[in-house]
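Here is final_3.cif, consisting of mmCIF, C-alpha atoms:
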data_query
loop_
_atom_site.group_PDB
_atom_site.id
_atom_site.type_symbol
_atom_site.label_atom_id
_atom_site.label_comp_id
_atom_site.auth_asym_id
_atom_site.auth_seq_id
_atom_site.Cartn_x
_atom_site.Cartn_y
_atom_site.Cartn_z
ATOM 1 C CA MET M 1 14.171 -4.999 4.182
ATOM 2 C CA LYS M 2 13.873 -1.256 4.039
ATOM 3 C CA PRO M 3 13.066 0.607 0.864
ATOM 4 C CA GLY M 4 16.050 2.615 -0.242
ATOM 5 C CA HIS M 5 18.321 0.856 2.207
ATOM 6 C CA GLY M 6 18.068 -2.876 1.662
ATOM 7 C CA GLU M 7 18.755 -5.218 4.513
ATOM 8 C CA VAL M 8 18.963 -3.680 7.986
ATOM 9 C CA LEU M 9 19.715 -5.670 11.136
ATOM 10 C CA ILE M 10 16.958 -4.914 13.636
ATOM 11 C CA ALA M 11 17.732 -7.166 16.563
ATOM 12 C CA GLU M 12 19.567 -10.330 17.357
ATOM 13 C CA GLY M 13 19.638 -12.657 20.289
ATOM 14 C CA ASP M 14 19.161 -16.167 21.585
ATOM 15 C CA VAL M 15 15.547 -17.219 22.185
ATOM 16 C CA GLU M 16 16.754 -19.571 24.902
ATOM 17 C CA VAL M 17 17.841 -16.556 26.936
ATOM 18 C CA GLY M 18 14.846 -14.943 28.634
ATOM 19 C CA GLU M 19 15.929 -11.332 28.185
ATOM 20 C CA ASP M 20 16.788 -11.862 24.543
ATOM 21 C CA GLU M 21 13.526 -13.641 23.852
ATOM 22 C CA GLN M 22 11.525 -10.783 25.359
ATOM 23 C CA ARG M 23 13.458 -8.237 23.303
ATOM 24 C CA LEU M 24 12.988 -10.240 20.118
ATOM 25 C CA LEU M 25 9.296 -10.663 20.874
ATOM 26 C CA GLU M 26 8.818 -6.919 21.371
ATOM 27 C CA GLU M 27 10.701 -6.132 18.172
ATOM 28 C CA PHE M 28 8.683 -8.739 16.290
ATOM 29 C CA ARG M 29 5.427 -7.138 17.438
ATOM 30 C CA ARG M 30 6.710 -3.669 16.665
ATOM 31 C CA GLN M 31 7.531 -4.669 13.099
ATOM 32 C CA LEU M 32 4.152 -6.297 12.530
ATOM 33 C CA ASP M 33 2.404 -3.271 14.029
ATOM 34 C CA ALA M 34 4.339 -1.130 11.551
ATOM 35 C CA GLY M 35 2.735 -3.079 8.719
ATOM 36 C CA MET M 36 5.484 -5.549 7.931
ATOM 37 C CA TRP M 37 5.229 -9.228 7.100
ATOM 38 C CA ALA M 38 7.589 -11.680 8.749
ATOM 39 C CA ALA M 39 9.103 -14.619 6.916
ATOM 40 C CA VAL M 40 11.437 -17.393 7.978
ATOM 41 C CA PRO M 41 13.513 -18.934 5.186
ATOM 42 C CA LEU M 42 13.375 -22.731 5.334
ATOM 43 C CA ASP M 43 15.842 -25.165 3.870
ATOM 44 C CA GLY M 44 14.078 -28.371 2.963
ATOM 45 C CA GLY M 45 16.918 -30.107 1.204
ATOM 46 C CA GLY M 46 17.020 -29.119 -2.473
ATOM 47 C CA ARG M 47 13.887 -27.021 -2.375
ATOM 48 C CA ARG M 48 13.864 -23.895 -0.329
ATOM 49 C CA THR M 49 10.764 -22.089 0.799
ATOM 50 C CA ALA M 50 9.714 -19.499 3.313
ATOM 51 C CA GLN M 51 7.236 -19.627 6.129
ATOM 52 C CA LEU M 52 5.217 -16.534 6.857
ATOM 53 C CA ALA M 53 4.786 -15.968 10.581
ATOM 54 C CA ARG M 54 1.771 -14.048 11.833
ATOM 55 C CA SER M 55 2.867 -14.282 15.443
ATOM 56 C CA PHE M 56 6.075 -14.828 17.353
ATOM 57 C CA ALA M 57 4.855 -18.265 18.372
ATOM 58 C CA GLU M 58 4.787 -19.324 14.721
ATOM 59 C CA VAL M 59 8.504 -18.681 14.339
ATOM 60 C CA PRO M 60 10.369 -21.996 14.657
ATOM 61 C CA ARG M 61 12.517 -22.014 17.776
ATOM 62 C CA ASP M 62 15.552 -22.977 15.746
ATOM 63 C CA ALA M 63 15.070 -20.298 13.116
ATOM 64 C CA GLU M 64 18.302 -18.510 12.359
ATOM 65 C CA ARG M 65 16.612 -15.336 11.204
ATOM 66 C CA VAL M 66 13.325 -13.682 10.545
ATOM 67 C CA ILE M 67 13.071 -11.351 7.583
ATOM 68 C CA PHE M 68 10.599 -8.485 7.729
ATOM 69 C CA PHE M 69 9.378 -6.925 4.527
ATOM 70 C CA PRO M 70 6.610 -4.468 3.657
ATOM 71 C CA ARG M 71 3.171 -6.018 3.488
ATOM 72 C CA ALA M 72 2.041 -6.945 0.000
ATOM 73 C CA ALA M 73 -0.601 -4.810 -1.631
ATOM 74 C CA GLY M 74 -2.249 -4.835 -4.992
ATOM 75 C CA GLY M 75 -0.064 -3.034 -7.485
ATOM 76 C CA ARG M 76 -0.851 -1.273 -10.727
ATOM 77 C CA MET F 1 2.880 71.671 27.700
ATOM 78 C CA LEU F 2 6.077 69.916 26.744
ATOM 79 C CA LEU F 3 5.385 67.198 29.235
ATOM 80 C CA ALA F 4 1.932 66.631 27.814
ATOM 81 C CA LEU F 5 3.335 66.390 24.276
ATOM 82 C CA ALA F 6 5.974 63.936 25.412
ATOM 83 C CA ALA F 7 3.388 61.792 27.166
ATOM 84 C CA THR F 8 1.160 61.827 24.086
ATOM 85 C CA ALA F 9 4.096 60.875 21.901
ATOM 86 C CA LEU F 10 4.900 57.984 24.201
ATOM 87 C CA VAL F 11 1.308 56.752 24.102
ATOM 88 C CA VAL F 12 1.240 57.030 20.300
ATOM 89 C CA LEU F 13 4.524 55.165 20.054
ATOM 90 C CA GLY F 14 3.208 52.480 22.368
ATOM 91 C CA LEU F 15 0.047 52.055 20.328
ATOM 92 C CA LEU F 16 2.036 51.983 17.099
ATOM 93 C CA TRP F 17 4.302 49.343 18.567
ATOM 94 C CA GLU F 18 1.301 47.230 19.517
ATOM 95 C CA VAL F 19 -0.014 47.470 15.977
ATOM 96 C CA MET F 20 3.251 47.126 14.087
ATOM 97 C CA ALA F 21 5.172 44.669 16.235
ATOM 98 C CA PRO F 22 3.400 41.427 15.231
ATOM 99 C CA PRO F 23 3.648 41.984 11.452
ATOM 100 C CA LEU F 24 7.244 43.130 11.829
ATOM 101 C CA GLY F 25 8.083 40.067 13.897
ATOM 102 C CA GLU F 26 6.428 37.875 11.307
ATOM 103 C CA GLN F 27 8.334 39.565 8.494
ATOM 104 C CA LEU F 28 11.568 39.117 10.403
ATOM 105 C CA ALA F 29 10.849 35.448 11.031
ATOM 106 C CA ARG F 30 10.040 34.933 7.342
ATOM 107 C CA HIS F 31 13.211 36.692 6.333
ATOM 108 C CA ARG F 32 15.241 34.466 8.653
ATOM 109 C CA ALA F 33 13.467 31.371 7.426
ATOM 110 C CA ARG F 34 14.230 32.293 3.828
ATOM 111 C CA ARG F 35 17.901 32.807 4.609
ATOM 112 C CA ARG F 36 18.208 29.722 6.788
ATOM 113 C CA ARG F 37 20.265 26.963 5.262
ATOM 114 C CA VAL F 38 18.129 23.871 5.274
ATOM 115 C CA PRO F 39 20.288 20.843 5.925
ATOM 116 C CA THR F 40 19.738 18.373 3.109
ATOM 117 C CA PRO F 41 21.246 14.911 3.134
ATOM 118 C CA ASP F 42 24.115 14.688 0.712
ATOM 119 C CA TYR F 43 23.306 12.683 -2.365
ATOM 120 C CA ASP F 44 25.090 9.402 -2.085
ATOM 121 C CA PRO F 45 25.296 7.775 -5.515
ATOM 122 C CA GLY F 46 26.582 4.556 -3.977
ATOM 123 C CA ARG F 47 23.739 4.067 -1.533
ATOM 124 C CA GLU F 48 21.382 2.319 -3.923
ATOM 125 C CA ARG F 49 24.167 0.194 -5.306
ATOM 126 C CA ARG F 50 25.191 -0.879 -1.813
ATOM 127 C CA ALA F 51 21.563 -1.606 -0.962
ATOM 128 C CA GLU F 52 21.255 -3.740 -4.095
ATOM 129 C CA THR F 53 24.485 -5.579 -3.280
ATOM 130 C CA ARG F 54 23.183 -6.402 0.199
ATOM 131 C CA ALA F 55 19.844 -7.409 -1.279
ATOM 132 C CA ARG F 56 21.514 -9.807 -3.723
ATOM 133 C CA GLN F 57 23.442 -11.428 -0.879
ATOM 134 C CA LEU F 58 20.251 -11.825 1.119
ATOM 135 C CA LEU F 59 18.408 -13.278 -1.871
ATOM 136 C CA ARG F 60 21.237 -15.714 -2.541
ATOM 137 C CA SER F 61 21.164 -16.900 1.072
ATOM 138 C CA CYS F 62 17.434 -17.648 0.898
ATOM 139 C CA VAL F 63 16.793 -19.275 -2.478
ATOM 140 C CA ASN F 64 18.382 -22.488 -3.719
ATOM 141 C CA ASP F 65 21.352 -22.659 -6.064
ATOM 142 C CA GLU F 66 19.266 -23.143 -9.188
ATOM 143 C CA GLU F 67 16.997 -20.199 -8.441
ATOM 144 C CA TRP F 68 19.941 -17.982 -7.632
ATOM 145 C CA ALA F 69 21.753 -18.951 -10.839
ATOM 146 C CA MET F 70 18.531 -18.336 -12.776
ATOM 147 C CA TYR F 71 18.182 -14.847 -11.361
ATOM 148 C CA ARG F 72 21.849 -14.068 -11.884
ATOM 149 C CA ASP F 73 21.872 -15.295 -15.486
ATOM 150 C CA LEU F 74 18.352 -14.497 -16.690
ATOM 151 C CA GLY F 75 17.088 -11.738 -14.401
ATOM 152 C CA PHE F 76 14.029 -13.583 -13.102
ATOM 153 C CA ILE F 77 13.114 -16.562 -10.933
ATOM 154 C CA ARG F 78 10.643 -19.323 -11.681
ATOM 155 C CA VAL F 79 8.595 -20.595 -8.762
ATOM 156 C CA TRP F 80 6.386 -23.652 -9.156
ATOM 157 C CA GLY F 81 2.766 -23.248 -8.151
ATOM 158 C CA MET F 82 1.850 -25.330 -5.139
ATOM 159 C CA GLN F 83 -1.891 -25.392 -5.563
ATOM 160 C CA ALA F 84 -1.819 -27.910 -8.407
ATOM 161 C CA GLU F 85 -3.248 -30.781 -6.399
ATOM 162 C CA ARG F 86 -5.865 -28.779 -4.608
ATOM 163 C CA PRO F 87 -9.401 -28.976 -5.910
ATOM 164 C CA GLY F 88 -11.204 -25.865 -7.008
ATOM 165 C CA ASP F 89 -8.240 -24.227 -8.650
ATOM 166 C CA HIS F 90 -8.674 -23.652 -12.370
ATOM 167 C CA ALA F 91 -5.184 -24.846 -13.207
ATOM 168 C CA ALA F 92 -5.550 -27.816 -10.925
ATOM 169 C CA ALA F 93 -8.736 -28.944 -12.572
ATOM 170 C CA ALA F 94 -6.741 -30.683 -15.250
ATOM 171 C CA GLY F 95 -3.906 -31.425 -12.853
ATOM 172 C CA THR F 96 -1.653 -29.206 -14.920
ATOM 173 C CA PRO F 97 1.486 -27.973 -13.200
ATOM 174 C CA TYR F 98 1.878 -24.225 -13.380
ATOM 175 C CA ALA F 99 4.570 -21.805 -12.393
ATOM 176 C CA TYR F 100 5.267 -18.155 -11.795
ATOM 177 C CA LEU F 101 7.929 -15.890 -13.179
ATOM 178 C CA ILE F 102 9.150 -13.297 -10.698
ATOM 179 C CA TYR F 103 10.683 -10.142 -12.124
ATOM 180 C CA PRO F 104 11.906 -7.204 -10.060
ATOM 181 C CA HIS F 105 9.288 -4.462 -9.838
ATOM 182 C CA LYS F 106 7.040 -6.088 -12.408
ATOM 183 C CA PRO F 107 3.924 -8.205 -12.039
ATOM 184 C CA VAL F 108 4.233 -11.863 -11.128
ATOM 185 C CA LEU F 109 3.339 -13.892 -14.196
ATOM 186 C CA ALA F 110 1.579 -17.268 -13.996
ATOM 187 C CA TYR F 111 2.007 -19.655 -16.929
ATOM 188 C CA LEU F 112 1.833 -23.294 -17.931
ATOM 189 C CA PRO F 113 5.371 -24.616 -18.458
ATOM 190 C CA GLN F 114 4.249 -27.553 -20.614
ATOM 191 C CA THR F 115 2.594 -25.419 -23.246
ATOM 192 C CA GLY F 116 4.064 -22.006 -22.551
ATOM 193 C CA ARG F 117 0.571 -20.576 -22.227
ATOM 194 C CA LEU F 118 0.468 -17.351 -20.228
ATOM 195 C CA LEU F 119 -2.264 -17.355 -17.597
ATOM 196 C CA ASN F 120 -2.360 -14.137 -15.605
ATOM 197 C CA GLU F 121 -0.409 -11.157 -14.409
ATOM 198 C CA TYR F 122 -0.557 -10.581 -10.669
ATOM 199 C CA CYS F 123 0.293 -6.974 -9.892
ATOM 200 C CA VAL F 124 1.701 -6.743 -6.405
ATOM 201 C CA ALA F 125 3.715 -4.085 -4.612
ATOM 202 C CA PHE F 126 5.409 -3.826 -1.252
ATOM 203 C CA PRO F 127 4.814 -0.228 -0.210
ATOM 204 C CA ASP F 128 6.604 0.917 2.907
ATOM 205 C CA GLU F 129 4.013 2.249 5.339
ATOM 206 C CA THR F 130 6.579 3.642 7.731
ATOM 207 C CA ARG F 131 7.775 7.201 7.360
ATOM 208 C CA PRO F 132 9.821 9.083 6.228
ATOM 209 C CA TYR F 133 11.080 6.506 3.760
ATOM 210 C CA GLY F 134 7.720 5.701 2.234
ATOM 211 C CA SER F 135 8.579 7.065 -1.153
ATOM 212 C CA ALA F 136 11.560 4.862 -1.864
ATOM 213 C CA ARG F 137 11.089 1.365 -3.208
ATOM 214 C CA LEU F 138 12.818 -1.864 -2.348
ATOM 215 C CA PRO F 139 16.042 -2.707 -4.156
ATOM 216 C CA ASP F 140 15.410 -4.997 -7.132
ATOM 217 C CA SER F 141 16.647 -8.158 -5.451
ATOM 218 C CA ASP F 142 14.676 -7.402 -2.276
ATOM 219 C CA ASP F 143 11.529 -7.016 -4.365
ATOM 220 C CA VAL F 144 12.200 -10.420 -5.947
ATOM 221 C CA LEU F 145 12.891 -11.949 -2.542
ATOM 222 C CA ALA F 146 9.723 -10.454 -1.050
ATOM 223 C CA LYS F 147 7.669 -11.974 -3.872
ATOM 224 C CA TRP F 148 9.502 -15.280 -3.544
ATOM 225 C CA MET F 149 8.903 -15.444 0.217
ATOM 226 C CA ALA F 150 5.273 -14.454 -0.116
ATOM 227 C CA LEU F 151 4.687 -16.992 -2.916
ATOM 228 C CA THR F 152 6.461 -19.918 -1.283
ATOM 229 C CA GLY F 153 5.171 -18.985 2.179
ATOM 230 C CA ASP F 154 1.529 -18.308 1.429
ATOM 231 C CA GLU F 155 0.725 -18.453 -2.269
ATOM 232 C CA ARG F 156 -3.013 -18.059 -1.815
ATOM 233 C CA ARG F 157 -2.624 -14.982 0.327
ATOM 234 C CA LEU F 158 -0.331 -13.239 -2.137
ATOM 235 C CA ILE F 159 -2.516 -14.095 -5.109
ATOM 236 C CA ALA F 160 -5.591 -12.908 -3.224
ATOM 237 C CA THR F 161 -3.838 -9.638 -2.403
ATOM 238 C CA ALA F 162 -2.564 -8.964 -5.911
ATOM 239 C CA ASN F 163 -4.526 -7.247 -8.642
ATOM 240 C CA LEU F 164 -5.288 -9.751 -11.356
ATOM 241 C CA HIS F 165 -4.852 -8.829 -15.000
ATOM 242 C CA LEU F 166 -4.727 -10.665 -18.254
ATOM 243 C CA PRO F 167 -1.271 -11.274 -19.712
ATOM 244 C CA GLY F 168 0.049 -8.413 -21.772
ATOM 245 C CA ARG F 169 -1.085 -5.550 -19.604
ATOM 246 C CA GLN F 170 2.381 -4.699 -18.317
ATOM 247 C CA LEU F 171 4.584 -7.526 -19.455
ATOM 248 C CA ASP F 172 5.103 -7.839 -23.177
ATOM 249 C CA PRO F 173 4.003 -11.379 -24.142
ATOM 250 C CA ARG F 174 6.681 -11.533 -26.846
ATOM 251 C CA GLN F 175 9.331 -10.719 -24.244
ATOM 252 C CA ILE F 176 7.899 -13.378 -21.939
ATOM 253 C CA LYS F 177 7.989 -15.948 -24.746
ATOM 254 C CA ARG F 178 11.620 -15.028 -25.335
ATOM 255 C CA ASP F 179 12.337 -15.350 -21.616
ATOM 256 C CA LEU F 180 10.693 -18.774 -21.521
ATOM 257 C CA TRP F 181 12.814 -19.824 -24.492
ATOM 258 C CA ARG F 182 15.921 -18.480 -22.739
ATOM 259 C CA LEU F 183 14.913 -20.399 -19.642
ATOM 260 C CA ARG F 184 14.626 -23.667 -21.582
ATOM 261 C CA GLN F 185 18.025 -23.078 -23.180
ATOM 262 C CA TRP F 186 19.501 -22.210 -19.837
ATOM 263 C CA GLU F 187 18.130 -25.363 -18.229
ATOM 264 C CA ARG F 188 19.473 -27.453 -21.096
ATOM 265 C CA GLU F 189 22.940 -25.987 -20.682
ATOM 266 C CA ARG F 190 22.786 -26.431 -16.946
ATOM 267 C CA ALA F 191 21.740 -30.053 -17.302
ATOM 268 C CA LYS F 192 24.733 -30.666 -19.588
ATOM 269 C CA GLN F 193 27.058 -29.153 -16.988
ATOM 270 C CA VAL F 194 25.580 -31.264 -14.188
ATOM 271 C CA ARG F 195 25.634 -34.608 -16.040
ATOM 272 C CA PRO F 196 29.435 -35.037 -16.308
ATOM 273 C CA GLU F 197 29.737 -34.560 -12.548
ATOM 274 C CA ASP F 198 27.078 -37.199 -12.002
ATOM 275 C CA SER F 199 28.930 -39.679 -14.192
ATOM 276 C CA VAL F 200 32.150 -39.081 -12.253
ATOM 277 C CA THR F 201 30.517 -39.666 -8.899
ATOM 278 C CA ARG F 202 28.832 -42.888 -9.999
#
Do you think you could lay out the structure here as structure tokens?
Amino acid sequence: MKPGHGEVLIAEGDVEVGEDEQRLLEEFRRQLDAGMWAAVPLDGGGRRTAQLARSFAEVPRDAERVIFFPRAAGGR
Amino acid sequence: MLLALAATALVVLGLLWEVMAPPLGEQLARHRARRRRVPTPDYDPGRERRAETRARQLLRSCVNDEEWAMYRDLGFIRVWGMQAERPGDHAAAAGTPYAYLIYPHKPVLAYLPQTGRLLNEYCVAFPDETRPYGSARLPDSDDVLAKWMALTGDERRLIATANLHLPGRQLDPRQIKRDLWRLRQWERERAKQVRPEDSVTR
């Protein structure tokens, strides 16, 4: 998610492919370094939730997507 | 004599040039800068609408059908609190289920669904720390989705990050009461629509 722009595709690839995995890992780190939070939407039957991932290792291997959004801060 | 005068004139001109050249150059540069046409991005009135359309699609793909329909019809999403069974939480002390109302670009509101009692306003923002787009804010549906993901993903972390206020600071309690009434009506109507399908499938 990008303010003023909405959803922007950052990178895509297959984690089972070495090159892709490395690229996704680097992009993941770059986003977190830029102050973003990463979330993986989960479908648990009727109830849907999200899992926040603090590292690439926390992203489920079968995750279809990871959504990055600006880190939460106290608002006014 | 003439030669001496010419040489003197040349020296004077040289000295004058040394003195005058920098200010003249600066003036010239300023003049050019003033006249330069600064390229400004054309205002695109559809950009925000397109961003919101994409954001709605993304939100719809993440939340369940009921939450999506709630947002589409009522303009907010209710998320159940997950800390109800955990000890130490004030709402959990009595084992009372609680929930949050998520509005776009407004505080997250905690309340008790059974009684309608408003608990707290949690003021949270998602400021973009990257530049140069730091001034713009997320589209409405992205703001709702960010709150939804943060709440369902790590409720404690979001609540700890947010600024806590008593109800009524930003959200009008009368409006909230109306929204809760609308939500009850909406759920009633939705239950009526679901029941006939159930009876057919049985």
Tell me which of M:Ala38, M:Asp62, M:Ala57, M:Arg23 sits closest to chain F, counting all atoms listed in the file. M:Ala38
Test item: residues at most 8 Å from range 51-57 of chain F, all atoms listed in the file, excluding those fewer than 3 positions along its chain, as a PyMOL selection string: (chain M and resi 4-7) or (chain F and resi 47-48+60-61+139-142)
Pick from F:Leu10, F:Leu58, F:Ala191, F:Ala21: nearest to chain M, with all atoms listed in the file counted? F:Leu58
Counting all atoms listed in the file, chain F residues within 7 Å of chain M, as a VMD selection string: chain F and resid 48 51 to 52 54 to 55 62 to 64 123 to 130 133 136 to 139 142 146 149 152 to 154 161 to 163
Specify as a PyMOL selection string each residue included when the PyMOL selection byres ((chain F and resi 100-106) around 6) is applied to this file. chain F and resi 76-79+99+107-110+140+143-144
Quick one: write out the picked residues with C-alpha atoms as a PDB file, keeping the file's coordinate frame?
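As a result, result31.pdb now contains:
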ATOM      1  CA  PHE F  76      14.029 -13.583 -13.102  1.00  0.00           C
ATOM      2  CA  ILE F  77      13.114 -16.562 -10.933  1.00  0.00           C
ATOM      3  CA  ARG F  78      10.643 -19.323 -11.681  1.00  0.00           C
ATOM      4  CA  VAL F  79       8.595 -20.595  -8.762  1.00  0.00           C
ATOM      5  CA  ALA F  99       4.570 -21.805 -12.393  1.00  0.00           C
ATOM      6  CA  PRO F 107       3.924  -8.205 -12.039  1.00  0.00           C
ATOM      7  CA  VAL F 108       4.233 -11.863 -11.128  1.00  0.00           C
ATOM      8  CA  LEU F 109       3.339 -13.892 -14.196  1.00  0.00           C
ATOM      9  CA  ALA F 110       1.579 -17.268 -13.996  1.00  0.00           C
ATOM     10  CA  ASP F 140      15.410  -4.997  -7.132  1.00  0.00           C
ATOM     11  CA  ASP F 143      11.529  -7.016  -4.365  1.00  0.00           C
ATOM     12  CA  VAL F 144      12.200 -10.420  -5.947  1.00  0.00           C
TER      13      VAL F 144
END
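The coordinates place CA of Arg190 in chain F at 11.3 Å from CA of Asp73 in chain F.
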Residues within 7 Å of Leu24 in chain M, all atoms listed in the file, excluding chain neighbours under 4 positions, as a compact mmCIF listing (two decimals) with C-alpha atoms, keeping the file's coordinate frame:
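Output saved as selection-v4.txt:
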# COMPACT_ATOMS: atom_id res chain seq x y z
CA ALA M 11 17.73 -7.17 16.56
CA ASP M 20 16.79 -11.86 24.54
CA PHE M 28 8.68 -8.74 16.29
Tell me, in Å to one decimal, how far CA of Leu180 in chain F is from CA of Pro113 in chain F. 8.5 Å
In Å, rounded to a single decimal, give me how far CA of Gly81 in chain F is from CA of Gln175 in chain F. 21.4 Å
Enclose the full set of atoms of range 103-120 of chain F listed in the file within a box whose edges lie along x, y and z, apply 8 Å of padding to each of the six sides, and report centre and edge lengths in Å to one decimal as AutoDock Vina command-line options.
--center_x 4.8 --center_y -16.0 --center_z -16.5 --size_x 30.3 --size_y 39.1 --size_z 29.4
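This file, queried with the PyMOL selection byres ((chain M and resi 14) around 12), gives the residues Ala11, Glu12, Gly13, Val15, Glu16, Val17, Gly18, Glu19, Asp20, Glu21, Gln22, Arg23, Leu24, Leu25, Arg61, Asp62, Ala63, Glu64 and Arg65 of chain M.
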Can you sort out range 2-9 of chain M so it carries all heavy atoms, written as a PDB file, in the frame of the given file?
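The resulting file, rebuild_10.pdb, is reproduced below:
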ATOM      1  N   LYS M   2      14.347  -2.626   3.922  1.00  0.00           N
ATOM      2  CA  LYS M   2      13.873  -1.256   4.039  1.00  0.00           C
ATOM      3  C   LYS M   2      14.031  -0.579   2.687  1.00  0.00           C
ATOM      4  O   LYS M   2      15.141  -0.552   2.148  1.00  0.00           O
ATOM      5  CB  LYS M   2      14.692  -0.507   5.083  1.00  0.00           C
ATOM      6  CG  LYS M   2      14.098   0.800   5.470  1.00  0.00           C
ATOM      7  CD  LYS M   2      14.053   0.938   6.977  1.00  0.00           C
ATOM      8  CE  LYS M   2      13.208   2.107   7.392  1.00  0.00           C
ATOM      9  NZ  LYS M   2      11.800   1.801   7.500  1.00  0.00           N
ATOM     10  N   PRO M   3      12.943  -0.058   2.152  1.00  0.00           N
ATOM     11  CA  PRO M   3      13.066   0.607   0.864  1.00  0.00           C
ATOM     12  C   PRO M   3      14.164   1.661   0.880  1.00  0.00           C
ATOM     13  O   PRO M   3      14.249   2.440   1.829  1.00  0.00           O
ATOM     14  CB  PRO M   3      11.686   1.245   0.682  1.00  0.00           C
ATOM     15  CG  PRO M   3      10.775   0.341   1.415  1.00  0.00           C
ATOM     16  CD  PRO M   3      11.565  -0.106   2.626  1.00  0.00           C
ATOM     17  N   GLY M   4      14.972   1.645  -0.139  1.00  0.00           N
ATOM     18  CA  GLY M   4      16.050   2.615  -0.242  1.00  0.00           C
ATOM     19  C   GLY M   4      17.288   2.243   0.544  1.00  0.00           C
ATOM     20  O   GLY M   4      18.317   2.887   0.433  1.00  0.00           O
ATOM     21  N   HIS M   5      17.188   1.224   1.360  1.00  0.00           N
ATOM     22  CA  HIS M   5      18.321   0.856   2.207  1.00  0.00           C
ATOM     23  C   HIS M   5      18.713  -0.606   2.079  1.00  0.00           C
ATOM     24  O   HIS M   5      19.846  -0.957   2.370  1.00  0.00           O
ATOM     25  CB  HIS M   5      18.000   1.151   3.670  1.00  0.00           C
ATOM     26  CG  HIS M   5      17.906   2.615   3.955  1.00  0.00           C
ATOM     27  ND1 HIS M   5      16.813   3.369   3.583  1.00  0.00           N
ATOM     28  CD2 HIS M   5      18.765   3.467   4.551  1.00  0.00           C
ATOM     29  CE1 HIS M   5      17.023   4.617   3.946  1.00  0.00           C
ATOM     30  NE2 HIS M   5      18.182   4.704   4.539  1.00  0.00           N
ATOM     31  N   GLY M   6      17.767  -1.450   1.707  1.00  0.00           N
ATOM     32  CA  GLY M   6      18.068  -2.876   1.662  1.00  0.00           C
ATOM     33  C   GLY M   6      17.979  -3.485   3.044  1.00  0.00           C
ATOM     34  O   GLY M   6      17.192  -3.059   3.880  1.00  0.00           O
ATOM     35  N   GLU M   7      18.825  -4.456   3.270  1.00  0.00           N
ATOM     36  CA  GLU M   7      18.755  -5.218   4.513  1.00  0.00           C
ATOM     37  C   GLU M   7      19.301  -4.406   5.691  1.00  0.00           C
ATOM     38  O   GLU M   7      20.376  -3.828   5.613  1.00  0.00           O
ATOM     39  CB  GLU M   7      19.583  -6.489   4.324  1.00  0.00           C
ATOM     40  CG  GLU M   7      19.589  -7.417   5.506  1.00  0.00           C
ATOM     41  CD  GLU M   7      20.594  -8.535   5.308  1.00  0.00           C
ATOM     42  OE1 GLU M   7      21.186  -8.613   4.229  1.00  0.00           O
ATOM     43  OE2 GLU M   7      20.795  -9.302   6.260  1.00  0.00           O
ATOM     44  N   VAL M   8      18.544  -4.376   6.768  1.00  0.00           N
ATOM     45  CA  VAL M   8      18.963  -3.680   7.986  1.00  0.00           C
ATOM     46  C   VAL M   8      18.780  -4.641   9.154  1.00  0.00           C
ATOM     47  O   VAL M   8      17.716  -5.234   9.308  1.00  0.00           O
ATOM     48  CB  VAL M   8      18.107  -2.417   8.223  1.00  0.00           C
ATOM     49  CG1 VAL M   8      18.500  -1.738   9.526  1.00  0.00           C
ATOM     50  CG2 VAL M   8      18.224  -1.441   7.063  1.00  0.00           C
ATOM     51  N   LEU M   9      19.830  -4.792   9.959  1.00  0.00           N
ATOM     52  CA  LEU M   9      19.715  -5.670  11.136  1.00  0.00           C
ATOM     53  C   LEU M   9      18.926  -4.940  12.215  1.00  0.00           C
ATOM     54  O   LEU M   9      19.279  -3.838  12.622  1.00  0.00           O
ATOM     55  CB  LEU M   9      21.102  -6.035  11.656  1.00  0.00           C
ATOM     56  CG  LEU M   9      21.117  -6.918  12.915  1.00  0.00           C
ATOM     57  CD1 LEU M   9      20.534  -8.298  12.622  1.00  0.00           C
ATOM     58  CD2 LEU M   9      22.521  -7.037  13.473  1.00  0.00           C
TER      59      LEU M   9
END
